[in-house]
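Visitor: Sharing model_35.cif (mmCIF, C-alpha atoms) below.
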data_structure
loop_
_atom_site.label_atom_id
_atom_site.label_comp_id
_atom_site.auth_asym_id
_atom_site.auth_seq_id
_atom_site.Cartn_x
_atom_site.Cartn_y
_atom_site.Cartn_z
CA MET G 124 7.24 8.88 -1.08
CA GLY G 125 9.33 6.40 -2.94
CA GLY G 126 7.72 3.51 -4.81
CA PHE G 127 9.16 0.03 -4.41
CA PRO G 128 8.30 -3.60 -5.13
CA MET G 129 5.16 -4.62 -3.29
CA PHE G 130 5.89 -6.64 -0.21
CA MET G 131 4.78 -5.90 3.31
CA VAL G 132 7.61 -4.66 5.45
CA ALA G 133 7.20 -6.19 8.89
CA PRO G 134 7.14 -3.61 11.67
CA VAL G 135 9.73 -4.35 14.31
CA LEU G 136 10.29 -3.28 17.91
CA LEU G 137 13.84 -2.17 18.68
CA THR G 138 15.19 -3.11 22.09
CA PHE G 139 18.68 -2.52 23.43
CA GLY G 140 20.44 -5.16 25.45
CA LEU G 141 23.85 -5.52 27.05
CA ALA G 142 26.73 -3.64 25.40
CA GLY G 143 24.29 -1.74 23.21
CA ALA G 144 23.20 -4.80 21.21
CA VAL G 145 20.02 -4.24 19.19
CA THR G 146 17.28 -6.87 19.16
CA LEU G 147 14.57 -6.80 16.49
CA VAL G 148 11.18 -8.18 17.54
CA GLU G 149 8.79 -8.75 14.66
CA LYS G 150 5.26 -7.33 15.03
CA SER G 151 3.55 -8.32 11.79
CA ASN G 152 0.57 -10.58 12.44
CA GLY G 153 -2.04 -9.87 9.79
CA LEU G 154 0.27 -8.18 7.28
CA GLN G 155 0.43 -11.28 5.09
CA PHE G 156 -2.95 -10.49 3.53
CA PRO G 157 -3.99 -9.82 0.88
CA GLU G 158 -1.58 -11.62 -1.43
CA ARG G 159 0.26 -9.18 -3.63
CA GLU G 160 0.95 -9.65 -7.32
CA ALA G 161 3.81 -7.63 -8.87
CA GLY G 162 5.06 -4.16 -9.62
CA HIS G 163 5.82 -1.15 -7.43
CA THR G 164 3.70 0.56 -4.82
CA GLU G 165 3.91 3.06 -1.98
CA LEU G 166 3.25 2.54 1.74
CA GLU G 167 2.30 5.25 4.22
CA VAL G 168 2.42 5.03 8.01
CA ALA G 169 -0.06 7.14 10.01
CA ASP G 170 -2.54 6.88 12.88
CA ILE G 171 -5.59 6.51 10.66
CA ASP G 172 -8.05 5.56 13.43
CA LEU G 173 -6.67 8.06 15.99
CA ASP G 174 -6.04 5.45 18.68
CA GLY G 175 -2.41 6.37 19.25
CA HIS G 176 -0.96 3.47 17.23
CA LEU G 177 0.53 3.81 13.75
CA ASP G 178 -1.31 2.03 10.94
CA ILE G 179 -0.21 1.19 7.37
CA VAL G 180 -1.92 2.45 4.20
CA SER G 181 -1.48 1.57 0.51
CA VAL G 182 -3.34 1.51 -2.79
CA GLY G 183 -1.50 -1.64 -3.76
CA ASP G 184 0.63 -2.99 -6.57
CA HIS G 185 -0.30 -4.13 -10.10
CA GLY G 186 -2.71 -6.65 -8.59
CA ASN G 187 -5.07 -3.94 -7.34
CA PRO G 188 -7.96 -4.41 -7.96
CA PHE G 189 -8.44 -8.16 -8.28
CA VAL G 190 -5.64 -8.87 -10.79
CA ASN G 191 -4.41 -12.30 -9.68
CA SER G 192 -4.85 -10.95 -6.16
CA ASP G 193 -7.45 -10.12 -3.52
CA GLU G 194 -6.19 -6.53 -3.29
CA HIS G 195 -8.77 -3.83 -3.92
CA GLY G 196 -8.97 -0.09 -3.37
CA ILE G 197 -7.70 1.71 -0.29
CA MET G 198 -5.99 -0.83 1.94
CA VAL G 199 -5.53 -0.02 5.62
CA TRP G 200 -3.84 -2.34 8.09
CA ILE G 201 -5.12 -1.17 11.50
CA ASN G 202 -2.61 -1.64 14.31
CA ASP G 203 -4.17 -2.93 17.54
CA GLY G 204 -1.17 -1.76 19.56
CA SER G 205 0.17 -5.21 20.38
CA ASP G 206 1.22 -7.73 17.79
CA SER G 207 -1.54 -7.68 15.19
CA PHE G 208 -2.97 -5.76 12.25
CA ALA G 209 -6.49 -6.01 10.79
CA LEU G 210 -6.99 -5.31 7.06
CA TYR G 211 -9.80 -3.09 5.71
CA GLN G 212 -10.24 -2.49 1.97
CA THR G 213 -12.44 0.10 0.26
CA GLY G 214 -13.12 0.50 -3.47
CA GLU G 215 -12.17 -1.10 -6.79
CA PHE G 216 -9.03 0.72 -7.95
CA GLY G 217 -5.33 0.92 -7.27
CA TYR G 218 -1.71 0.35 -8.32
CA GLY G 219 0.18 3.51 -7.48
CA GLY G 220 1.09 5.87 -4.67
CA CYS G 221 -0.78 7.58 -1.86
CA ALA G 222 -0.34 10.21 0.84
CA VAL G 223 -2.02 10.80 4.20
CA GLY G 224 -2.95 14.28 5.44
CA ASP G 225 -5.82 16.40 6.75
CA LEU G 226 -7.31 17.74 3.53
CA ASP G 227 -10.40 19.38 5.04
CA LEU G 228 -8.74 20.54 8.29
CA ASP G 229 -11.11 18.65 10.59
CA GLY G 230 -8.37 16.86 12.52
CA VAL G 231 -9.02 13.46 10.93
CA PRO G 232 -6.56 11.82 8.46
CA ASP G 233 -7.57 11.81 4.80
CA LEU G 234 -5.98 10.21 1.74
CA ALA G 235 -4.88 11.31 -1.75
CA TRP G 236 -3.53 9.07 -4.51
CA GLY G 237 -2.21 8.72 -8.04
CA ILE G 238 -2.90 5.37 -9.71
CA HIS G 239 -2.80 3.33 -12.90
CA HIS G 240 -6.01 1.34 -12.45
CA ASP G 241 -8.96 3.76 -12.23
CA TYR G 242 -11.41 0.90 -12.57
CA ALA G 243 -14.09 2.02 -10.10
CA PRO G 244 -17.58 2.67 -11.47
CA ALA G 245 -18.18 6.29 -12.47
CA GLY G 246 -18.98 8.48 -9.50
CA GLN G 247 -17.32 6.21 -6.96
CA ILE G 248 -13.99 6.43 -5.13
CA GLY G 249 -11.21 5.50 -7.53
CA ASP G 250 -12.81 6.42 -10.86
CA LYS G 251 -9.98 8.89 -11.67
CA LEU G 252 -6.21 8.59 -12.07
CA MET G 253 -5.81 11.13 -9.28
CA GLY G 254 -8.23 11.22 -6.39
CA ALA G 255 -8.80 11.90 -2.72
CA ALA G 256 -11.12 10.75 0.04
CA LEU G 257 -11.97 12.06 3.48
CA GLY G 258 -11.55 9.68 6.38
CA ASP G 259 -13.95 9.29 9.29
CA GLY G 260 -11.35 8.12 11.81
CA THR G 261 -12.14 4.41 11.53
CA GLY G 262 -9.85 3.26 8.72
CA TRP G 263 -12.71 1.91 6.63
CA GLY G 264 -15.06 4.87 6.23
CA TRP G 265 -14.07 7.06 3.27
CA THR G 266 -15.97 9.81 1.42
CA GLN G 267 -15.02 10.73 -2.14
CA TRP G 268 -13.47 14.22 -2.27
CA ASP G 269 -12.04 14.71 -5.75
CA THR G 270 -14.16 17.34 -7.51
CA GLY G 271 -11.91 19.00 -10.08
CA LEU G 272 -9.00 16.59 -9.74
CA ALA G 273 -7.54 14.55 -12.62
CA SER G 274 -8.71 17.02 -15.26
CA GLY G 275 -5.23 18.21 -16.29
CA GLY G 276 -4.39 15.63 -18.93
CA GLU G 277 -3.03 12.94 -16.61
CA ASP G 278 -2.29 9.68 -18.38
CA TRP G 279 -2.10 6.01 -17.42
CA GLY G 280 1.08 6.02 -15.33
CA MET G 281 0.37 8.04 -12.16
CA PHE G 282 2.42 6.95 -9.18
CA ALA G 283 4.15 8.39 -6.08
CA THR G 284 1.98 11.06 -4.45
CA ASP G 285 2.45 13.50 -1.60
CA LEU G 286 0.51 16.19 0.26
CA ALA G 287 2.08 19.48 1.31
CA ASP G 288 1.11 23.12 1.78
CA PHE G 289 3.35 24.29 -1.06
CA ASP G 290 1.93 27.84 -1.23
CA LEU G 291 1.74 28.31 2.57
CA ASP G 292 -1.95 29.28 2.54
CA GLY G 293 -2.93 26.85 5.31
CA ASP G 294 -4.34 23.93 3.31
CA LEU G 295 -2.77 20.92 1.63
CA ASP G 296 -1.89 20.72 -2.05
CA ILE G 297 -1.15 17.54 -4.04
CA VAL G 298 1.84 16.48 -6.12
CA SER G 299 1.92 13.20 -8.04
CA ARG G 300 4.51 11.76 -10.37
CA GLU G 301 3.44 10.65 -13.83
CA GLN G 302 5.42 8.05 -15.74
CA LEU G 303 4.81 7.94 -19.49
CA ALA G 304 6.36 5.90 -22.25
CA ASP G 305 8.07 8.97 -23.71
CA GLY G 306 9.14 10.74 -20.52
CA ALA G 307 7.93 11.87 -17.13
CA SER G 308 6.16 14.76 -15.42
CA LEU G 309 4.96 16.12 -12.09
CA GLN G 310 1.29 16.94 -11.68
CA LEU G 311 0.72 19.76 -9.16
CA TRP G 312 -2.71 20.57 -7.78
CA ARG G 313 -3.21 23.65 -5.60
CA GLN G 314 -6.21 23.48 -3.30
CA ASP G 315 -8.25 26.67 -3.70
CA SER G 316 -11.37 25.47 -1.86
CA PRO G 317 -12.93 22.12 -0.95
CA THR G 318 -14.35 21.84 -4.47
CA ALA G 319 -11.83 23.81 -6.53
CA TRP G 320 -8.27 22.97 -7.53
CA SER G 321 -5.82 24.72 -9.85
CA HIS G 322 -3.37 22.66 -11.89
CA ARG G 323 0.12 22.75 -13.33
CA THR G 324 2.22 20.14 -15.13
CA LEU G 325 6.03 20.23 -14.83
CA THR G 326 7.96 18.37 -17.53
CA THR G 327 11.22 20.23 -18.22
CA GLY G 328 14.12 18.43 -16.61
CA ILE G 329 11.97 15.80 -14.90
CA PRO G 330 13.78 12.43 -15.08
CA VAL G 331 12.22 9.03 -15.62
CA GLY G 332 11.11 7.45 -12.35
CA GLU G 333 8.25 6.91 -9.94
CA GLY G 334 9.35 8.08 -6.47
CA LEU G 335 9.22 11.51 -4.86
CA GLU G 336 9.59 13.19 -1.47
CA VAL G 337 8.92 16.69 -0.16
CA GLY G 338 11.02 18.66 2.30
CA ASP G 339 12.58 22.05 2.95
CA MET G 340 15.83 21.50 1.09
CA ASP G 341 17.08 25.12 1.20
CA GLY G 342 15.92 26.10 4.69
CA ASP G 343 13.59 28.89 3.54
CA HIS G 344 10.51 27.46 5.32
CA ASP G 345 8.65 26.22 2.26
CA LEU G 346 8.54 22.67 0.94
CA ASP G 347 10.51 21.58 -2.11
CA ILE G 348 10.18 18.42 -4.23
CA VAL G 349 12.88 15.74 -4.29
CA LEU G 350 13.24 13.19 -7.11
CA GLY G 351 16.01 10.80 -8.02
CA ARG G 352 19.17 12.86 -8.65
CA ILE G 353 17.48 16.29 -8.51
CA TRP G 354 15.33 18.54 -6.32
CA LEU G 355 12.97 21.32 -7.40
CA GLN G 356 13.04 24.61 -5.49
CA ASN G 357 9.67 26.01 -4.47
CA SER G 358 9.08 29.72 -5.09
CA GLN G 359 5.63 29.53 -3.36
CA ASP G 360 4.03 30.71 -6.63
CA ILE G 361 3.54 27.09 -7.51
CA LEU G 362 1.33 27.54 -10.59
CA THR G 363 3.12 30.29 -12.53
CA GLY G 364 6.44 30.79 -10.75
CA PRO G 365 9.75 29.03 -11.41
CA TRP G 366 10.74 25.66 -10.01
CA PRO G 367 14.57 25.79 -10.36
CA ILE G 368 16.19 22.37 -10.59
CA HIS G 369 19.25 21.48 -8.51
CA ASN G 370 21.36 18.33 -8.70
CA TYR G 371 22.36 16.59 -5.49
CA THR G 372 24.23 13.77 -7.24
CA SER G 373 25.64 13.19 -10.71
CA THR G 374 24.58 9.55 -10.82
CA TRP G 375 21.39 7.80 -9.81
CA THR G 376 20.83 4.11 -10.40
CA HIS G 377 17.42 3.61 -8.76
CA PRO G 378 14.91 5.68 -10.78
CA HIS G 379 11.85 4.27 -9.01
CA VAL G 380 12.96 5.04 -5.45
CA VAL G 381 13.72 8.23 -3.53
#
Could you render the structure from this file as structure tokens?

Guide:
Amino acid sequence: MGGFPMFMVAPVLLTFGLAGAVTLVEKSNGLQFPEREAGHTELEVADIDLDGHLDIVSVGDHGNPFVNSDEHGIMVWINDGSDSFALYQTGEFGYGGCAVGDLDLDGVPDLAWGIHHDYAPAGQIGDKLMGAALGDGTGWGWTQWDTGLASGGEDWGMFATDLADFDLDGDLDIVSREQLADGASLQLWRQDSPTAWSHRTLTTGIPVGEGLEVGDMDGDHDLDIVLGRIWLQNSQDILTGPWPIHNYTSTWTHPHVV
């Protein structure tokens, strides 16, 4: 999911009037908090508390945690289904990207992330540059679930993150984009069991940038990775197989957004 400057996009309700005119009705009470600081981030939209209404999730911008801001940790704006959102924050870490998915296949949304600020105390959620937590269906109850993650040489600049079953074995794998001073990489983590992950770093041909998306670009029923200007073709052997690179444009002027 593409990173972008941190501001809260106000959800709107689309209504259609006479002659097909579109009216936008803002539905953003409660999204003004906490105050953000600066830098990019990533927002996810999902029904975190399983009440039928879409909520908003982020791990914040450069201000997370507590850098000229009240941001800290996992931030969930719970949608009450009318006009208002209530903020719940968990942990002392942030600044990066996140992805929502069912990591342990229990039917409840979980969260994975790649961050810059792994400032949490050792052994707590957010003490690694890449991490994950299991949700309990409330939006504020999270259990650390990152055994084996962030042991592949990840450096300071982790960012956009996504979850996908890249190898089609029935569980979710993780991809996160790493931005370094001398280049860029993709960090791939294949889920082998709830406590075991296998890792691969892709660097060849990876452009500078922070955003990513996943999708079936070639219609072969597996998920590929899309970056600015290029996409990487999944062979399903995600750890040792090829990831051929294809260009979809010859120019790209927004390296931090996909």

Visitor: What gap, in Å, lies between CA of Leu234 (chain G) and CA of Leu355 (chain G)?

Guide: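 Going from CA of Leu234 (chain G) over to CA of Leu355 (chain G) covers 23.8 Å.
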
Visitor: For this structure, which residues satisfy the selection - the PyMOL selection byres ((chain G and resi 325) around 10) - when it is evaluated on the file as given? I want them as a list in words.

Guide: Arg300, Glu301, Ala307, Ser308, Leu309, Gln310, Leu311, Arg323, Thr324, Thr326, Thr327, Gly328, Ile329, Leu362 and Trp366 of chain G

Visitor: Skip Val199 (chain G) itself and residues of its chain fewer than 6 positions away, then list as a ChimeraX atom specification all residues within 6 Å of it, counting only C-alpha atoms.

Guide: /G:179-180,210-211

Visitor: Considering only C-alpha atoms, can you say which of G:Met340, G:Val298, G:Ile361, G:Leu166 comes closest to Met253 (chain G)?

Guide: G:Val298

Visitor: For Leu272 (chain G), find every residue with an atom within 7 Å (counting all atoms listed in the file), except residues of its own chain fewer than 2 positions away, and show them as a ChimeraX atom specification.

Guide: /G:253-254,269-270,274,320

Visitor: Grab the residues selected above and save them as a PDB file, keeping the file's coordinate frame with C-alpha atoms.

Guide:
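Saved the output as out-v9.pdb:
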ATOM      1  CA  MET G 253      -5.810  11.130  -9.280  1.00  0.00           C
ATOM      2  CA  GLY G 254      -8.230  11.220  -6.390  1.00  0.00           C
ATOM      3  CA  ASP G 269     -12.040  14.710  -5.750  1.00  0.00           C
ATOM      4  CA  THR G 270     -14.160  17.340  -7.510  1.00  0.00           C
ATOM      5  CA  SER G 274      -8.710  17.020 -15.260  1.00  0.00           C
ATOM      6  CA  TRP G 320      -8.270  22.970  -7.530  1.00  0.00           C
TER       7      TRP G 320
END

Visitor: If you apply the PyMOL selection byres ((chain G and resi 196) around 8) to this file, what residues do you get, as a list in words?

Guide: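 Against this file, the PyMOL selection byres ((chain G and resi 196) around 8) returns the residues Val182, Gly183, Asn187, Pro188, Glu194, His195, Ile197, Met198, Gln212, Thr213, Gly214, Glu215, Phe216, Gly217 and Gly249 of chain G.
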
Visitor: Separation of CA of Val190 (chain G) and CA of Pro157 (chain G), in Å?

Guide: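 Here the two named atoms are 11.8 Å from each other.
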
Visitor: For each of G:Gly293, G:Gly271, G:Gly224, G:Gly237, take the minimum atom-to-atom distance to Asp345 (chain G), counting all atoms listed in the file, then give the residue where this is smallest.

Guide: G:Gly293

Visitor: So which residues touch Gly219 (chain G) within 7 Å, counting all atoms listed in the file, skipping near sequence neighbours fewer than 6 positions away, as a PyMOL selection string?

Guide: chain G and resi 164-165+182-184+237-239+281-283

Visitor: For the structure shown, which residues end up in the PyMOL selection byres ((chain G and resi 371) around 8)? Put them as an mmCIF file with C-alpha atoms, in the coordinates of the input, please?

Guide:
data_model
loop_
_atom_site.group_PDB
_atom_site.id
_atom_site.type_symbol
_atom_site.label_atom_id
_atom_site.label_comp_id
_atom_site.auth_asym_id
_atom_site.auth_seq_id
_atom_site.Cartn_x
_atom_site.Cartn_y
_atom_site.Cartn_z
ATOM 1 C CA ARG G 352 19.170 12.860 -8.650
ATOM 2 C CA ILE G 353 17.480 16.290 -8.510
ATOM 3 C CA TRP G 354 15.330 18.540 -6.320
ATOM 4 C CA HIS G 369 19.250 21.480 -8.510
ATOM 5 C CA ASN G 370 21.360 18.330 -8.700
ATOM 6 C CA THR G 372 24.230 13.770 -7.240
ATOM 7 C CA SER G 373 25.640 13.190 -10.710
#

Visitor: Just the residues within 6 Å of region 261-268 of chain G, please, counting all atoms listed in the file, with nothing from its chain fewer than 2 positions along; format it as JSON, numbers by chain.

Guide: {"G": [171, 172, 211, 248, 255, 256, 257, 258, 259]}

Visitor: Mind dumping the selected residues with C-alpha atoms as an mmCIF file, in the coordinates of the input?

Guide:
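Output file part_36.cif is given in full below:
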data_model
loop_
_atom_site.group_PDB
_atom_site.id
_atom_site.type_symbol
_atom_site.label_atom_id
_atom_site.label_comp_id
_atom_site.auth_asym_id
_atom_site.auth_seq_id
_atom_site.Cartn_x
_atom_site.Cartn_y
_atom_site.Cartn_z
ATOM 1 C CA ILE G 171 -5.590 6.510 10.660
ATOM 2 C CA ASP G 172 -8.050 5.560 13.430
ATOM 3 C CA TYR G 211 -9.800 -3.090 5.710
ATOM 4 C CA ILE G 248 -13.990 6.430 -5.130
ATOM 5 C CA ALA G 255 -8.800 11.900 -2.720
ATOM 6 C CA ALA G 256 -11.120 10.750 0.040
ATOM 7 C CA LEU G 257 -11.970 12.060 3.480
ATOM 8 C CA GLY G 258 -11.550 9.680 6.380
ATOM 9 C CA ASP G 259 -13.950 9.290 9.290
#

Visitor: Please measure the separation of CA of Pro232 (chain G) and CA of Asp170 (chain G), giving the value in Å to one decimal.

Guide: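 Calculated distance between CA of Pro232 (chain G) and CA of Asp170 (chain G) is 7.8 Å.
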
Visitor: For Gly175 (chain G), which residue among G:Ala287, G:Ala243, G:Leu335, G:Ile201 is the nearest when counting all atoms listed in the file?

Guide: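 With all atoms listed in the file as the atom set, the closest residue is G:Ile201.
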
Visitor: Pick the closest to Thr376 (chain G) from G:Gly204, G:Leu177, G:His240, G:Gly351: which is it, counting only C-alpha atoms?

Guide: G:Gly351

Visitor: Would you kindly return, as a PyMOL selection string, each protein, DNA or RNA residue with an atom no farther than 9 Å from any atom of Asp285 (chain G), considering all atoms listed in the file and excluding same-chain residues fewer than 6 positions away?

Guide: chain G and resi 124+220-224+235-236+296-299+335-337
